[in-house]
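Colleague: My structure file start-v5.cif, mmCIF, C-alpha atoms, is below:
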data_input
loop_
_atom_site.label_atom_id
_atom_site.label_comp_id
_atom_site.auth_asym_id
_atom_site.auth_seq_id
_atom_site.Cartn_x
_atom_site.Cartn_y
_atom_site.Cartn_z
CA MET A 8 7.33 -157.68 -10.77
CA ALA A 9 7.56 -160.10 -13.67
CA THR A 10 5.88 -163.45 -13.19
CA VAL A 11 8.26 -166.38 -13.16
CA VAL A 12 6.90 -169.32 -15.15
CA ASP A 13 8.00 -172.75 -14.08
CA PRO A 14 9.33 -174.45 -17.27
CA ARG A 15 8.14 -177.80 -15.92
CA ALA A 16 4.50 -176.63 -15.97
CA HIS A 17 4.15 -177.25 -19.73
CA ALA A 18 6.68 -180.04 -20.00
CA HIS A 19 3.99 -182.66 -20.59
CA THR A 20 2.64 -180.60 -23.47
CA GLU A 21 6.01 -180.21 -25.14
CA VAL A 22 6.71 -183.94 -25.19
CA ALA A 23 3.16 -185.05 -25.99
CA SER A 24 2.51 -186.75 -29.30
CA GLN A 25 0.40 -185.12 -32.00
CA TRP A 26 -2.46 -187.56 -31.36
CA ARG A 27 -2.46 -186.79 -27.62
CA LEU A 28 -2.51 -183.04 -28.29
CA MET A 29 -5.34 -183.60 -30.74
CA TRP A 30 -7.34 -185.51 -28.12
CA TRP A 31 -6.77 -182.81 -25.48
CA SER A 32 -8.02 -180.20 -27.92
CA PHE A 33 -10.94 -182.35 -29.07
CA ARG A 34 -12.33 -183.09 -25.61
CA ARG A 35 -12.58 -179.34 -24.87
CA HIS A 36 -15.10 -179.12 -27.73
CA ARG A 37 -18.37 -179.86 -25.90
CA LEU A 38 -20.57 -180.25 -28.97
CA ALA A 39 -18.01 -182.61 -30.48
CA MET A 40 -18.03 -184.77 -27.34
CA ILE A 41 -21.84 -184.85 -27.41
CA GLY A 42 -21.71 -185.78 -31.09
CA LEU A 43 -19.17 -188.54 -30.38
CA THR A 44 -21.43 -189.98 -27.66
CA ILE A 45 -24.48 -189.99 -29.94
CA VAL A 46 -22.53 -191.54 -32.83
CA ILE A 47 -21.24 -194.31 -30.56
CA LEU A 48 -24.79 -195.00 -29.33
CA LEU A 49 -26.12 -195.13 -32.90
CA TYR A 50 -23.46 -197.61 -33.98
CA LEU A 51 -24.13 -199.74 -30.87
CA ILE A 52 -27.80 -199.80 -31.88
CA ALA A 53 -26.76 -200.74 -35.40
CA LEU A 54 -24.61 -203.62 -34.13
CA PHE A 55 -27.18 -204.97 -31.66
CA ALA A 56 -30.45 -203.92 -33.34
CA GLU A 57 -32.09 -207.31 -32.66
CA PHE A 58 -31.38 -206.94 -28.93
CA PHE A 59 -32.68 -203.36 -28.67
CA ALA A 60 -35.76 -203.94 -30.87
CA PRO A 61 -38.68 -205.44 -28.90
CA PHE A 62 -40.20 -207.27 -31.91
CA ASP A 63 -39.44 -208.60 -35.36
CA PRO A 64 -39.49 -205.52 -37.66
CA GLN A 65 -41.38 -207.45 -40.36
CA ALA A 66 -44.04 -208.89 -38.02
CA ALA A 67 -47.41 -207.38 -39.02
CA ARG A 68 -50.66 -207.33 -37.02
CA ALA A 69 -53.79 -206.28 -38.90
CA ARG A 70 -55.72 -205.22 -35.79
CA ASP A 71 -52.96 -202.75 -34.83
CA VAL A 72 -52.86 -200.75 -38.06
CA TYR A 73 -51.69 -197.17 -37.32
CA HIS A 74 -51.67 -197.88 -33.59
CA PRO A 75 -50.69 -194.63 -31.80
CA PRO A 76 -47.54 -194.41 -29.66
CA GLN A 77 -47.89 -195.47 -26.04
CA ARG A 78 -46.17 -193.60 -23.23
CA ILE A 79 -44.04 -195.73 -20.97
CA HIS A 80 -44.50 -195.46 -17.19
CA PHE A 81 -41.92 -196.71 -14.71
CA VAL A 82 -43.91 -196.67 -11.44
CA ASP A 83 -46.69 -199.22 -11.07
CA THR A 84 -49.29 -198.23 -8.45
CA ALA A 85 -51.60 -200.85 -6.94
CA GLU A 86 -55.19 -200.34 -5.74
CA ASP A 87 -54.11 -200.28 -2.07
CA GLY A 88 -51.80 -197.34 -2.76
CA SER A 89 -48.56 -199.30 -2.76
CA TRP A 90 -46.17 -198.88 -5.63
CA ARG A 91 -43.19 -200.56 -7.20
CA LEU A 92 -40.73 -199.87 -9.98
CA ASN A 93 -42.06 -201.79 -12.96
CA PRO A 94 -42.40 -200.33 -16.48
CA TRP A 95 -45.81 -200.49 -18.15
CA VAL A 96 -47.89 -198.91 -20.91
CA GLN A 97 -51.60 -198.23 -21.18
CA ASP A 98 -53.52 -200.76 -23.27
CA TYR A 99 -55.72 -199.54 -26.14
CA LYS A 100 -58.85 -200.84 -27.80
CA LEU A 101 -59.74 -200.34 -31.46
CA GLU A 102 -63.16 -198.80 -32.11
CA ARG A 103 -64.77 -197.96 -35.43
CA ASP A 104 -67.31 -195.18 -36.00
CA LYS A 105 -70.68 -196.58 -37.09
CA PHE A 106 -71.30 -193.88 -39.66
CA THR A 107 -67.88 -192.90 -41.04
CA LEU A 108 -66.16 -196.25 -40.34
CA GLN A 109 -63.15 -194.29 -39.11
CA GLN A 110 -61.05 -196.29 -36.67
CA THR A 111 -59.84 -194.82 -33.41
CA TYR A 112 -57.86 -196.26 -30.53
CA VAL A 113 -59.38 -195.72 -27.09
CA PRO A 114 -57.38 -196.33 -23.88
CA LEU A 115 -58.69 -199.14 -21.68
CA GLU A 116 -58.86 -197.84 -18.11
CA GLY A 117 -57.14 -200.16 -15.68
CA GLU A 118 -55.69 -202.35 -18.43
CA ARG A 119 -51.93 -202.26 -18.43
CA ILE A 120 -49.28 -204.02 -20.44
CA ARG A 121 -46.43 -204.65 -18.04
CA LEU A 122 -42.94 -204.75 -19.46
CA ASP A 123 -39.80 -206.59 -18.48
CA PHE A 124 -36.21 -205.42 -18.92
CA LEU A 125 -33.83 -208.05 -20.32
CA GLY A 126 -36.71 -210.48 -20.69
CA SER A 127 -37.24 -213.38 -23.02
CA GLY A 128 -38.95 -212.35 -26.25
CA GLU A 129 -39.21 -213.52 -29.83
CA PRO A 130 -36.16 -215.61 -30.82
CA TYR A 131 -33.67 -214.04 -33.19
CA THR A 132 -30.22 -214.69 -34.64
CA LEU A 133 -27.58 -212.08 -33.82
CA TRP A 134 -25.21 -211.43 -36.75
CA GLY A 135 -26.38 -214.72 -38.25
CA LEU A 136 -24.32 -216.62 -35.67
CA PHE A 137 -25.95 -216.65 -32.23
CA ALA A 138 -29.51 -217.83 -31.56
CA LEU A 139 -30.87 -215.68 -28.70
CA GLU A 140 -34.16 -214.69 -27.08
CA THR A 141 -33.12 -211.96 -24.65
CA ARG A 142 -34.25 -208.46 -25.61
CA LEU A 143 -33.86 -205.14 -23.85
CA LEU A 144 -37.60 -204.56 -23.27
CA VAL A 145 -40.40 -207.09 -23.81
CA PRO A 146 -43.98 -207.62 -22.54
CA GLU A 147 -44.28 -209.81 -19.47
CA GLU A 148 -47.15 -211.71 -21.12
CA GLN A 149 -46.21 -213.62 -24.23
CA GLY A 150 -48.13 -212.55 -27.33
CA ARG A 151 -48.84 -208.99 -26.16
CA ARG A 152 -47.64 -205.99 -28.18
CA PHE A 153 -46.77 -202.43 -27.26
CA TYR A 154 -45.86 -199.53 -29.54
CA LEU A 155 -43.61 -196.82 -28.10
CA PHE A 156 -43.20 -195.29 -31.59
CA GLY A 157 -46.61 -196.39 -32.88
CA ALA A 158 -47.35 -198.80 -35.74
CA ASP A 159 -47.40 -198.42 -39.53
CA ARG A 160 -50.08 -199.24 -42.13
CA LEU A 161 -49.49 -202.99 -41.69
CA GLY A 162 -49.39 -202.94 -37.90
CA ARG A 163 -45.61 -203.29 -37.69
CA ASP A 164 -43.76 -201.83 -34.71
CA MET A 165 -42.10 -198.55 -35.73
CA LEU A 166 -39.59 -198.69 -32.87
CA SER A 167 -38.25 -202.05 -34.04
CA ARG A 168 -38.21 -200.92 -37.67
CA THR A 169 -36.43 -197.65 -36.86
CA LEU A 170 -33.76 -199.41 -34.80
CA HIS A 171 -33.16 -201.94 -37.58
CA GLY A 172 -33.06 -199.07 -40.09
CA THR A 173 -30.19 -197.59 -38.10
CA ARG A 174 -27.99 -200.51 -39.19
CA ILE A 175 -28.47 -199.89 -42.92
CA SER A 176 -28.44 -196.09 -42.87
CA MET A 177 -25.38 -195.76 -40.62
CA SER A 178 -23.45 -198.57 -42.32
CA ILE A 179 -24.12 -197.33 -45.86
CA GLY A 180 -22.58 -194.00 -44.89
CA LEU A 181 -19.57 -195.71 -43.34
CA VAL A 182 -19.00 -198.19 -46.19
CA GLY A 183 -19.58 -195.51 -48.82
CA VAL A 184 -17.05 -193.19 -47.20
CA LEU A 185 -14.47 -196.00 -46.96
CA VAL A 186 -14.75 -196.56 -50.73
CA SER A 187 -14.58 -192.81 -51.33
CA LEU A 188 -11.56 -192.65 -49.01
CA LEU A 189 -9.75 -195.26 -51.08
CA LEU A 190 -10.49 -193.41 -54.34
CA GLY A 191 -9.77 -189.97 -52.89
CA LEU A 192 -6.47 -190.95 -51.28
CA THR A 193 -5.25 -192.83 -54.35
CA LEU A 194 -6.19 -190.31 -57.06
CA GLY A 195 -5.61 -187.22 -54.91
CA GLY A 196 -2.25 -188.53 -53.73
CA ILE A 197 -1.09 -189.37 -57.25
CA SER A 198 -2.26 -185.97 -58.50
CA GLY A 199 -0.49 -184.02 -55.75
CA TYR A 200 2.69 -186.08 -55.59
CA TYR A 201 3.55 -186.36 -59.27
CA GLY A 202 1.94 -183.17 -60.61
CA GLY A 203 2.39 -182.25 -64.27
CA THR A 204 0.27 -184.02 -66.88
CA VAL A 205 -1.00 -186.60 -64.39
CA ASP A 206 -2.24 -183.83 -62.11
CA MET A 207 -3.94 -182.02 -65.01
CA VAL A 208 -5.78 -185.16 -66.19
CA ILE A 209 -7.00 -186.11 -62.70
CA GLN A 210 -8.11 -182.55 -61.96
CA ARG A 211 -10.11 -182.38 -65.20
CA ILE A 212 -11.83 -185.67 -64.23
CA ILE A 213 -12.64 -184.24 -60.79
CA GLU A 214 -14.03 -181.04 -62.32
CA PHE A 215 -16.16 -183.08 -64.71
CA VAL A 216 -17.63 -185.16 -61.87
CA LEU A 217 -18.26 -182.02 -59.79
CA SER A 218 -20.04 -180.35 -62.73
CA LEU A 219 -22.63 -183.13 -62.92
CA PRO A 220 -25.97 -182.37 -61.19
CA THR A 221 -25.90 -184.66 -58.18
CA ILE A 222 -29.55 -185.55 -57.66
CA PRO A 223 -30.35 -186.36 -61.35
CA ILE A 224 -27.20 -188.49 -61.59
CA TRP A 225 -28.15 -190.38 -58.42
CA LEU A 226 -31.68 -190.90 -59.71
CA GLY A 227 -30.49 -192.03 -63.13
CA LEU A 228 -27.93 -194.51 -61.83
CA ALA A 229 -30.30 -195.88 -59.18
CA ALA A 230 -33.10 -196.29 -61.73
CA ALA A 231 -30.72 -198.20 -64.02
CA LEU A 232 -30.30 -201.00 -61.46
CA PRO A 233 -31.93 -204.27 -62.57
CA ALA A 234 -35.31 -204.81 -60.97
CA ASP A 235 -34.60 -208.49 -60.29
CA TRP A 236 -31.56 -207.81 -58.08
CA THR A 237 -31.69 -209.06 -54.51
CA ALA A 238 -31.87 -206.65 -51.59
CA LEU A 239 -28.20 -207.30 -50.76
CA GLN A 240 -27.08 -206.61 -54.34
CA ARG A 241 -29.09 -203.40 -54.40
CA TYR A 242 -27.55 -202.32 -51.10
CA PHE A 243 -23.99 -202.68 -52.41
CA ALA A 244 -24.94 -201.05 -55.71
CA ILE A 245 -26.37 -197.97 -53.98
CA THR A 246 -23.26 -197.80 -51.80
CA LEU A 247 -21.03 -197.92 -54.88
CA ILE A 248 -23.08 -195.22 -56.64
CA LEU A 249 -22.76 -192.87 -53.67
CA SER A 250 -19.04 -193.58 -53.43
CA LEU A 251 -18.30 -192.97 -57.11
CA ILE A 252 -19.77 -189.48 -56.83
CA GLY A 253 -18.56 -188.57 -53.32
CA TRP A 254 -14.78 -189.03 -53.64
CA THR A 255 -13.95 -185.80 -55.44
CA GLU A 256 -13.88 -183.42 -52.47
CA LEU A 257 -11.57 -185.68 -50.48
CA ALA A 258 -9.29 -186.07 -53.52
CA ARG A 259 -8.92 -182.30 -53.75
CA VAL A 260 -8.09 -182.03 -50.04
CA VAL A 261 -5.47 -184.78 -50.32
CA ARG A 262 -3.99 -183.22 -53.47
CA GLY A 263 -3.63 -179.85 -51.77
CA ARG A 264 -1.92 -181.41 -48.76
CA PHE A 265 0.48 -183.39 -50.95
CA LEU A 266 1.39 -180.25 -52.90
CA ALA A 267 2.14 -178.44 -49.63
CA LEU A 268 4.12 -181.32 -48.12
CA ARG A 269 6.35 -181.85 -51.16
CA THR A 270 8.36 -178.76 -50.20
CA GLU A 271 8.57 -179.48 -46.46
CA ASP A 272 11.99 -180.04 -44.94
CA PHE A 273 11.26 -183.53 -43.60
CA VAL A 274 10.15 -184.70 -47.07
CA THR A 275 13.29 -183.25 -48.66
CA ALA A 276 15.44 -184.87 -45.98
CA ALA A 277 13.77 -188.25 -46.48
CA THR A 278 14.26 -187.99 -50.25
CA LEU A 279 17.94 -187.13 -49.89
CA ASP A 280 18.32 -190.01 -47.45
CA GLY A 281 17.29 -192.40 -50.21
CA CYS A 282 13.70 -193.20 -49.14
CA SER A 283 11.64 -195.02 -51.72
CA GLU A 284 8.46 -193.38 -53.00
CA LYS A 285 6.33 -195.96 -51.18
CA ARG A 286 8.02 -195.30 -47.84
CA LEU A 287 8.00 -191.54 -48.40
CA ILE A 288 4.25 -191.50 -49.06
CA PHE A 289 3.04 -194.04 -46.48
CA ARG A 290 5.61 -193.47 -43.73
CA HIS A 291 6.11 -189.71 -43.86
CA MET A 292 3.46 -187.84 -45.88
CA LEU A 293 0.18 -189.64 -45.16
CA PRO A 294 0.63 -189.77 -41.33
CA SER A 295 1.20 -186.01 -41.27
CA MET A 296 -2.23 -185.43 -42.82
CA ALA A 297 -4.09 -188.20 -40.98
CA SER A 298 -6.00 -185.78 -38.75
CA HIS A 299 -7.25 -183.81 -41.77
CA ILE A 300 -8.33 -187.02 -43.51
CA ILE A 301 -10.24 -188.15 -40.41
CA ALA A 302 -12.03 -184.81 -40.21
CA SER A 303 -12.94 -184.93 -43.92
CA VAL A 304 -14.22 -188.50 -43.64
CA THR A 305 -16.34 -187.68 -40.59
CA LEU A 306 -17.95 -184.76 -42.39
CA ALA A 307 -18.59 -186.90 -45.49
CA ILE A 308 -20.55 -189.63 -43.66
CA PRO A 309 -23.67 -187.47 -43.06
CA LEU A 310 -23.73 -186.55 -46.76
CA MET A 311 -23.82 -190.26 -47.63
CA ILE A 312 -26.64 -190.85 -45.13
CA LEU A 313 -28.68 -187.97 -46.56
CA ALA A 314 -28.07 -189.20 -50.11
CA GLU A 315 -29.29 -192.73 -49.29
CA THR A 316 -32.30 -191.31 -47.43
CA SER A 317 -33.19 -189.09 -50.39
CA LEU A 318 -32.92 -191.89 -52.94
CA SER A 319 -34.95 -194.32 -50.83
CA PHE A 320 -37.55 -191.65 -50.06
CA LEU A 321 -37.98 -191.05 -53.80
CA GLY A 322 -38.37 -194.79 -54.40
CA LEU A 323 -35.15 -195.17 -56.40
CA GLY A 324 -32.84 -196.31 -53.61
CA LEU A 325 -33.20 -199.25 -51.28
CA GLN A 326 -36.50 -201.09 -51.37
CA GLN A 327 -38.41 -203.49 -49.16
CA PRO A 328 -37.61 -205.84 -47.47
CA ILE A 329 -34.46 -203.83 -46.65
CA ILE A 330 -35.18 -201.42 -43.81
CA SER A 331 -33.46 -198.04 -43.76
CA TRP A 332 -34.52 -194.61 -42.53
CA GLY A 333 -35.21 -193.55 -46.12
CA VAL A 334 -37.35 -196.63 -46.78
CA LEU A 335 -39.33 -195.93 -43.60
CA LEU A 336 -39.86 -192.28 -44.53
CA LYS A 337 -41.26 -193.39 -47.87
CA GLU A 338 -44.22 -194.78 -45.90
CA ALA A 339 -45.09 -191.20 -44.94
CA GLN A 340 -45.65 -190.03 -48.53
CA ASN A 341 -49.41 -189.72 -48.31
CA ILE A 342 -51.97 -187.39 -46.75
CA ARG A 343 -53.36 -190.05 -44.42
CA SER A 344 -49.97 -190.55 -42.82
CA ILE A 345 -49.50 -186.84 -42.25
CA ALA A 346 -53.00 -186.38 -40.86
CA GLN A 347 -53.52 -189.59 -38.87
CA ALA A 348 -50.09 -191.09 -38.24
CA PRO A 349 -47.49 -188.33 -37.78
CA TRP A 350 -45.32 -190.78 -35.82
CA LEU A 351 -44.24 -192.27 -39.17
CA PHE A 352 -41.89 -189.28 -39.42
CA ILE A 353 -39.88 -190.48 -36.38
CA PRO A 354 -37.14 -191.97 -38.61
CA GLY A 355 -36.64 -188.45 -39.94
CA VAL A 356 -35.80 -187.35 -36.40
CA PHE A 357 -33.13 -190.05 -36.29
CA VAL A 358 -31.72 -188.75 -39.59
CA VAL A 359 -31.52 -185.20 -38.21
CA VAL A 360 -29.90 -186.33 -34.95
CA ALA A 361 -27.35 -188.55 -36.75
CA VAL A 362 -26.39 -185.84 -39.25
CA LEU A 363 -26.04 -183.18 -36.54
CA ALA A 364 -23.99 -185.50 -34.32
CA LEU A 365 -21.65 -186.41 -37.17
CA ASN A 366 -21.27 -182.76 -38.16
CA PHE A 367 -20.47 -181.78 -34.55
CA LEU A 368 -17.94 -184.62 -34.40
CA GLY A 369 -16.40 -183.55 -37.70
CA ASP A 370 -16.17 -179.91 -36.59
CA GLY A 371 -14.41 -180.98 -33.41
CA LEU A 372 -11.93 -183.13 -35.32
CA ARG A 373 -11.30 -180.34 -37.80
CA ASP A 374 -10.64 -177.82 -35.00
CA ALA A 375 -8.33 -180.29 -33.26
CA ALA A 376 -6.48 -181.22 -36.47
CA ASP A 377 -3.78 -178.65 -35.69
CA PRO A 378 -3.21 -179.25 -31.95
CA TYR A 379 -0.02 -177.16 -31.78
CA ALA A 380 -1.91 -174.11 -33.01
CA GLN A 381 -4.66 -174.82 -30.49
CA SER A 382 -2.21 -175.15 -27.58
CA GLY A 383 -0.62 -171.84 -28.44
CA ARG A 384 -3.80 -169.84 -28.10
#
For the structure just supplied, provide its representation as structure tokens.

Modeller:
Amino acid sequence: MATVVDPRAHAHTEVASQWRLMWWSFRRHRLAMIGLTIVILLYLIALFAEFFAPFDPQAARARDVYHPPQRIHFVDTAEDGSWRLNPWVQDYKLERDKFTLQQTYVPLEGERIRLDFLGSGEPYTLWGLFALETRLLVPEEQGRRFYLFGADRLGRDMLSRTLHGTRISMSIGLVGVLVSLLLGLTLGGISGYYGGTVDMVIQRIIEFVLSLPTIPIWLGLAAALPADWTALQRYFAITLILSLIGWTELARVVRGRFLALRTEDFVTAATLDGCSEKRLIFRHMLPSMASHIIASVTLAIPLMILAETSLSFLGLGLQQPIISWGVLLKEAQNIRSIAQAPWLFIPGVFVVVAVLALNFLGDGLRDAADPYAQSGR
């Protein structure tokens, strides 16, 4: 007997908007949802880095040079056997070998540094507007220090520096992609919409940019920046350099979509109805490719992050006092760091996690870009 399908069962799908269908398809992609969660967390850290960081990232302490990471405990046990929920870390003491003068950190038995959630720590200014003292995790005793990610060669807290580096590394990818998006949409749209000589000229420019070796061009342009520029000027210059080289792929995607849409029925109907070119492009053509643009942008952000990290790691990108993941990884460019302070590579873990999360997110958006095809499977 043939199965009778209730036509009302898929009624909500038939009347759903393209964005709703895209969201339904996207949320079935588990890795994409995990990537979205991680990306949101990273940008929250970037926005509120001062709150999440326990200390000033530039505050150095000579007696804590290369202090090892301390494991956090959440249950505090008293001598009488009672216990309570209170985070703490084991205190360490610096000792130096009498013969080799090598310094080592030895745990102090019974000495604990108790921590306080949402406690009052070193004062800071959030976004340059609000003077605050509340931090996520601080020592109960004022003046004490703890190092969950260890300390660097100047005794600076690596956790605080890594969290502050999230702001620069994640924002430079976002700002760089926004500039690339503007260039890619403009030049790719003009190339695909008008065609002819304009298309040929723009495509030759794109091919020329793509033929340039990326790393040498990055190094050459970054090395050409004036040495007396401020950290903020250097930040925007590096962002512009990455954007000027990273717009070509998006321009080709947009051009291809415009070429395909020019022959669609709705474009022909809008043209015959007397639509202006501006309305035709921004009201009809661009919205139809919005999902593809979002997917392309999401996949381009990790490339920007890796490019900034590479330049800063090689010493030709951002420099101190700016803190980025690449600048932090530059501290690990010596044998002593590899042998005695492997925790200096922790920012590299953040780079890997951010790039994977953004790639998972981009893959999910790309798969959901054609929700009608997905719903028909």

Colleague: Measuring between only C-alpha atoms, which one of A:Phe33, A:Tyr99, A:Tyr242, A:Tyr73 shows the shortest distance to Leu161 in chain A?

Modeller: A:Tyr73

Colleague: Take the PyMOL selection byres ((chain A and resi 66) around 9), run it mentally on this structure, and tell me the resulting residues as a ChimeraX atom specification.

Modeller: /A:62-65,67-68,161-164

Colleague: Using only C-alpha atoms, please write the residues we just selected to a file, as a CSV table (one decimal), in the frame of the given file.

Modeller:
chain,number,residue,atom,x,y,z
A,62,PHE,CA,-40.2,-207.3,-31.9
A,63,ASP,CA,-39.4,-208.6,-35.4
A,64,PRO,CA,-39.5,-205.5,-37.7
A,65,GLN,CA,-41.4,-207.4,-40.4
A,67,ALA,CA,-47.4,-207.4,-39.0
A,68,ARG,CA,-50.7,-207.3,-37.0
A,161,LEU,CA,-49.5,-203.0,-41.7
A,162,GLY,CA,-49.4,-202.9,-37.9
A,163,ARG,CA,-45.6,-203.3,-37.7
A,164,ASP,CA,-43.8,-201.8,-34.7

Colleague: Between A:Ala39, A:Ile300, A:Ala361, A:Ile252, which has the minimum distance to Arg264 in chain A (counting only C-alpha atoms)?

Modeller: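 Ranking A:Ala39, A:Ile300, A:Ala361, A:Ile252 by distance to Arg264 in chain A, first place goes to A:Ile300.
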
Colleague: Given the point (-29.4, -204.9, -27.4) in the coordinates of this file, which residues lie within 10 Å, counting all atoms listed in the file, and how would they look as a PyMOL selection string?

Modeller: chain A and resi 51-61+125+133+141-144

Colleague: Using all atoms listed in the file, which residue out of A:Leu257, A:Ala238, A:Leu217, A:Ile288 lies closest to Ala302 in chain A?

Modeller: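 Checking each candidate against Ala302 in chain A, we get A:Leu257 as the closest.
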
Colleague: Compare A:Ile179, A:His291, A:Ser187, A:Glu102 by their minimum atom-to-atom distance to Ala276 in chain A, counting all atoms listed in the file, and give me the closest one.

Modeller: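 Of all the options, A:His291 lies closest to Ala276 in chain A.
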
Colleague: Between CA of Thr316 in chain A and CA of Gln240 in chain A, what is the spacing in Å?

Modeller: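 Computed distance, CA of Gln240 in chain A to CA of Thr316 in chain A, equals 17.6 Å.
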
Colleague: Rounded to one decimal place, report the CA of Val145 in chain A-CA of Glu118 in chain A distance in Å.

Modeller: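 Between CA of Val145 in chain A and CA of Glu118 in chain A the gap is 16.9 Å.
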
Colleague: Can you give me, as a list of chain:residue names, the residues this file yields under the PyMOL selection byres ((chain A and resi 373) around 10)?

Modeller: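 Evaluating the PyMOL selection byres ((chain A and resi 373) around 10) on these coordinates yields A:Met29, A:Phe33, A:Ser298, A:His299, A:Ile300, A:Ile301, A:Ala302, A:Ser303, A:Thr305, A:Leu306, A:Phe367, A:Leu368, A:Gly369, A:Asp370, A:Gly371, A:Leu372, A:Asp374, A:Ala375, A:Ala376, A:Asp377.
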
Colleague: Mind giving me the straight-line distance from CA of Met177 in chain A to CA of Leu318 in chain A in Å, one decimal?

Modeller: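 Going from CA of Met177 in chain A over to CA of Leu318 in chain A, I get 15.0 Å.
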
Colleague: Please evaluate the PyMOL selection byres ((chain A and resi 265) around 8) against the structure above and give the resulting residues as a PyMOL selection string.

Modeller: chain A and resi 196+199-200+261-264+266-269+292

Colleague: Between A:Gln97, A:Thr173, A:Gln149, A:Ser32, which has the minimum distance to Val356 in chain A (counting all atoms listed in the file)?

Modeller: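 Answer, going by the shortest atom-to-atom distance: A:Thr173.
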